[in-house]
Amino acid sequence: MLFGLDGVEIGLIIVFLCLFGGILSGFPVAFAIGGAGVVSFGIIALLDSGGLLIHQAIDTSSADYAALLAEGVARDAISVFRYPDLPRVETPVFDGGAAEALRKTISGIPLRINERVLSGPSIETLLAVAMFVMMGITLERSRIADDLLTTMSRVFGPLPGGLAVSVVVVGAFLAASTGIVGATVVTMGLLSLPTMLRAGYSPQLATGVIAASGTLGQIIPPSIVIVLLGTLAGDIYANAQQARANSVGCNDALTYLGEPAVLSVGTLFQAALLPGILLAVLYAVYAFGYALLNPSKAPAIDVGHSDHEPISRREGLFWFLVAPGAVIAGAIFLSNLNVIGSQSVHVDSFSEAGESASLRTNVGDECRDAMIALHGQEAWDRALAEQAVIDAAGGVEQAHELNADEMTAAIADKVADAAPIGSGMAILIVFFALVLTTARGVAPGADPLPLLVGAGGIGLLALADIVAISPLSSPGATVLWMLPGLALLGWAMKPAAIRLAGNELLRVVFPPLVLIVAVLGSILGGVTNPTPAAALGAGGAVMLAAYRKLRDEDRSARIILLATGAVVLMLLIGINFDLRMGREVVLFQNRLAFLLAMTCFLFSMFGFFFASWVLYAGGVLSPVMRETAKVTSMVFTILIGSQLLNLVVISFGGEHYIQQFLRSFDNEYTVFLIVMLVLFVLGFVLDFLEIIYIVVPIVGPVIYGGEFDPKWVTIMIAVNLQTSFLTPPFGFALFYLRGVAPPQVTTGHIYRGIIPFVLIQVVALGLLWVVPGVVTIVPDLLGG
């Protein structure tokens with residue numbers, strides 16, 4: 001054996017060295033990965049043909065191996081790591097020779113690319129990458145960061161370390177709206193770093209907080225890392241759990257686990273929300289604590305004030321905290337009393353099928369024992385009792401079509417159970433109430449009459465829903481009863497909007513915040529999947545950037561505002577009216593609603609094309625599209641090249657060898673800790689894309705094939721991968737910042753400044769390890 005190492009071990013070292021050398025060669029990473037696969041395969045083939053690579057395989061014909069099988073040990077569980085004393089035989093690393101390995105590798109490329117890139121749900125989810133990238137680049141080019149940094153500096157500047165805290169806040173905000181690390185770091189480096197240095201901030205703190213905050217886009221949704229990792233992890237988890245079920249004698253993962261082995265990107269977005277916020281809070285706490293301990297290196301400054309009306313602390317506390325809190329708390333309290341709730345009388349034409357037992361009990365003895373070991377004897381006994389009741393009742397009740405009497409009775413039950421105020425009306429009332437209270441807070445000295453009239457309109461809406469609008473009211477009648485309240489609110493909203501626009505913080509934060517809520521809300525709320533939400537975000541970013549462009553040029557942006565209103569109105573019509581024109585009987589009100597919705601759609605499309613023309617004429621759209629194409633093509637090229645490299649690793653048994661090593665540990669936490677340490681170390685030399693597409697497919701079947709919650713595993717990996725942007729010497733965020741830093745800021749300053757934030761990352765990983773509920777609580781609450 002060469003150097004006393006197993007031939008497979010030498011092959012893995014050759015692959016890593018070729019990959020590392022290809023990345024350092026200066027070639028684009030997307031091509032270096034595929035090239036590393038070709039070169040490493042050639043080197044391994046030459047060494048194997050020369051008899052220099054010898055693999056010490058277990059002798060499967062030995063008596064000791066047969067004895068283990070007789071004891072009931074699974075073949076996959078027998079490895080040189082777990083049973084080092086088993087007899088060995090020397091074999092080449094390429095089973096069947098290098099030529100056969102080459103044939104299998106080449107023939108496997110189209111199948112692998114089809115499975116991982118082009119087919120099924122993978123390509124649909126990966127399309128979200130292109131649109132999220134376009135959304136981020138468009139917002140970055142619209143100079144949203146400029147306004148945010150200026151405004152947040154005015155808000156937090158008077159605090160110790162306030163500028164650093166403002167950078168963290170803006171970083172988190174941009175993470176949720178753009179998610180492009182390079183653009184965020186460069187923008188904040190250009191705008192904030194000179195200001196912080198002039199204010200007397202330590203170069204280490206200034207550079208560290210900018211680089212770290214810029215990487216929050218890798219974990220705060222909508223994160224491209226989570227889209228890419230989730231697409232891969234979902235397939236790995238499903239296959240790993242199916243293999244796990246088969247290994248214990250169960251037919252499928254659903255039987256063994258008691259639930260589908262499904263992991264979606266939308267669920268991962270829900271799971272990533274709190275960890276992303278946690279990281280941002282830890283960054284801000286560190287910056288504030290550093291300023292308290294070293295006030296001369298992070299002084300409080302006054303960066304000027306905006307021209308809005310001064311607000312006393314008492315007024316601000318009441319109108320910005322007490323009043324909104326009372327509105328939201330009141331709505332929650334009334335919903336618990338069923339005063340606010342669903343008024344839907346929709347009844348399916350088929351009855352619901354009866355519930356089956358919590359676990360499938362019609363399984364073999366081996367599967368039964370495995371299920372008891374997994375779920376516990378109590379859960380199994382409960383499932384048996386449930387199945388006995390079902391059997392005694394004649395089996396699970398099948399769904400059947402309801403007759404007229406059953407349909408009438410079901411509708412009557414729905415009407416009787418309906419809340420006095422519908423959920424949709426309550427959401428509308430809460431929204432208008434928050435607008436009015438905020439408008440009062442930003443201008444407490446202004447005439448309160450319009451806001452009081454608006455409050456009267458809110459009262460009329462609630463009264464109409466309680467007294468006149470019933471669950472059986474038609475959408476047309478509902479609109480008519482709402483018109484008086486909406487008329488009063490419409491009159492009050494104009495002065496309220498003028499007051500809100502006069503506040504710099506709201507004027508800067510509100511437009512991108514609406515876009516963030518629309519995109520993330522539709523995903524986290526389960527309304528749609530990430531791909532349509534990404535399309536909504538990209539379109540909204542174009543409209544927002546065009547609005548900003550027109551305002552900067554002192555041109556009217558009325559068309560953009562009207563088109564946005566048309567989108568909102570179209571959605572409201574679609575929610576409240578039946579727009580299916582192909583039905584045999586279509587009511588007049590539904591025809592009228594359809595015409596109005598179609599008009600809104602056509603006008604919104606006109607507004608979108610107008611916005612695109614504004615950006616194109618202003619020289620913004622073309623570079624946005626070029627940059628989007630460049631980033632997206634890089635991601636997909638890396639994805640394709642990594643598949644070739646993975647096939648090379650598989651060809652000489654490297655993937656199986658690594659998985660056997662990980663499975664040799666009896667404790668799942670030990671295995672996962674080893675994987676996390678390896679990923680952390682690889683983050684010093686590899687980008688997150690290489691790690692996702694090269695390393696995760698190798699270790700994934702092991703870490704996703706156990707009892708860990710797949711959401712927790714994936715978010716832990718995502719937070720760990722975030723450090724690849726920060727860790728020297730190849731952290732991309734450090735290179736981005738170095739490129740825009742002034743001459744007095746050295747590379748040493750940047751490296752020393754980032755160390756505390758890398759440690760914060762490690763602390764955050766430790767917290768998520770100890771308290772996994774931080775990851776799982778949001779999906780559990782939202783039903784993800």
# chains A, B, ... in the order shown; residues from 1 in each chain; ligands from 1
$ select_by_dssp --residues "region 109-260 of chain A" --states "helix (DSSP H, G or I)" --output "VMD selection string"
chain A and resid 109 to 118 120 to 141 144 to 156 162 to 177 181 to 198 203 to 218 224 to 247 253 to 257
$ residues_around --residues "region 630-644 of chain A" --least-positions-apart "4" --cutoff "7 Å" --atoms "only C-alpha atoms" --output "list of chain:residue names"
A:Ala30, A:Phe31, A:Ile33, A:Gly34, A:Gly37, A:Ile109, A:Arg112, A:Ile113, A:Ala130, A:Arg626, A:Val648, A:Tyr693, A:Ile694
$ write_last_selection --atoms "N, CA and C atoms" --output "JSON list (two decimals), in the first residue's frame"
[["chain", "number", "residue", "atom", "x", "y", "z"],
["A", 30, "ALA", "N", -16.78, 27.25, -11.10],
["A", 30, "ALA", "CA", -17.75, 26.38, -11.73],
["A", 30, "ALA", "C", -17.09, 25.36, -12.66],
["A", 31, "PHE", "N", -16.01, 25.78, -13.34],
["A", 31, "PHE", "CA", -15.31, 24.86, -14.25],
["A", 31, "PHE", "C", -14.21, 24.09, -13.52],
["A", 33, "ILE", "N", -14.35, 22.73, -10.63],
["A", 33, "ILE", "CA", -14.88, 21.54, -9.96],
["A", 33, "ILE", "C", -14.96, 20.36, -10.93],
["A", 34, "GLY", "N", -15.56, 20.61, -12.10],
["A", 34, "GLY", "CA", -15.63, 19.53, -13.09],
["A", 34, "GLY", "C", -14.25, 19.10, -13.54],
["A", 37, "GLY", "N", -12.61, 16.79, -11.13],
["A", 37, "GLY", "CA", -13.10, 15.43, -11.25],
["A", 37, "GLY", "C", -12.38, 14.66, -12.35],
["A", 109, "ILE", "N", -23.54, 10.28, -15.88],
["A", 109, "ILE", "CA", -23.66, 11.75, -15.86],
["A", 109, "ILE", "C", -25.06, 12.21, -16.27],
["A", 112, "ARG", "N", -27.63, 11.34, -13.55],
["A", 112, "ARG", "CA", -27.44, 12.11, -12.32],
["A", 112, "ARG", "C", -27.93, 13.55, -12.49],
["A", 113, "ILE", "N", -27.58, 14.16, -13.62],
["A", 113, "ILE", "CA", -28.01, 15.53, -13.86],
["A", 113, "ILE", "C", -29.53, 15.60, -14.00],
["A", 130, "ALA", "N", -33.08, 31.74, -9.56],
["A", 130, "ALA", "CA", -32.91, 32.81, -10.53],
["A", 130, "ALA", "C", -33.74, 34.03, -10.16],
["A", 626, "ARG", "N", -28.04, 41.00, -16.74],
["A", 626, "ARG", "CA", -26.73, 40.37, -16.97],
["A", 626, "ARG", "C", -26.19, 39.76, -15.69],
["A", 648, "VAL", "N", -17.14, 10.59, -9.70],
["A", 648, "VAL", "CA", -15.75, 10.12, -9.62],
["A", 648, "VAL", "C", -15.48, 9.51, -8.24],
["A", 693, "TYR", "N", -22.90, 20.78, -2.73],
["A", 693, "TYR", "CA", -23.07, 19.84, -3.83],
["A", 693, "TYR", "C", -22.03, 18.72, -3.87],
["A", 694, "ILE", "N", -20.95, 18.87, -3.10],
["A", 694, "ILE", "CA", -19.93, 17.83, -3.10],
["A", 694, "ILE", "C", -19.94, 17.01, -1.81]]
$ residues_around --residues "region 20-22 of chain A" --least-positions-apart "2" --cutoff "8 Å" --atoms "only C-alpha atoms" --output "list of chain:residue names"
A:Phe16, A:Leu17, A:Cys18, A:Leu24, A:Ser25, A:Gly26, A:Phe27, A:Val29, A:Ala32, A:Ile33, A:Gly35, A:Ala36, A:Val685
$ residues_around --residues "Ala164 (chain A)" --least-positions-apart "3" --cutoff "10 Å" --atoms "only C-alpha atoms" --output "JSON, numbers by chain"
{"A": [153, 156, 157, 159, 160, 161, 167, 168, 169, 170, 192, 193, 196, 201, 205, 206, 207, 208, 209, 210, 213, 283, 284, 286, 287, 288, 291, 298]}
$ atom_distance --atom1 "CA of Ala57 (chain A)" --atom2 "CA of Leu677 (chain A)"
27.7 Å
$ atom_distance --atom1 "CA of Pro84 (chain A)" --atom2 "CA of Phe652 (chain A)"
20.7 Å
$ closest_residue --among "A:Pro729, A:Gly574, A:Gly136, A:Gly654" --to "Val542 (chain A)" --atoms "only C-alpha atoms"
A:Gly136
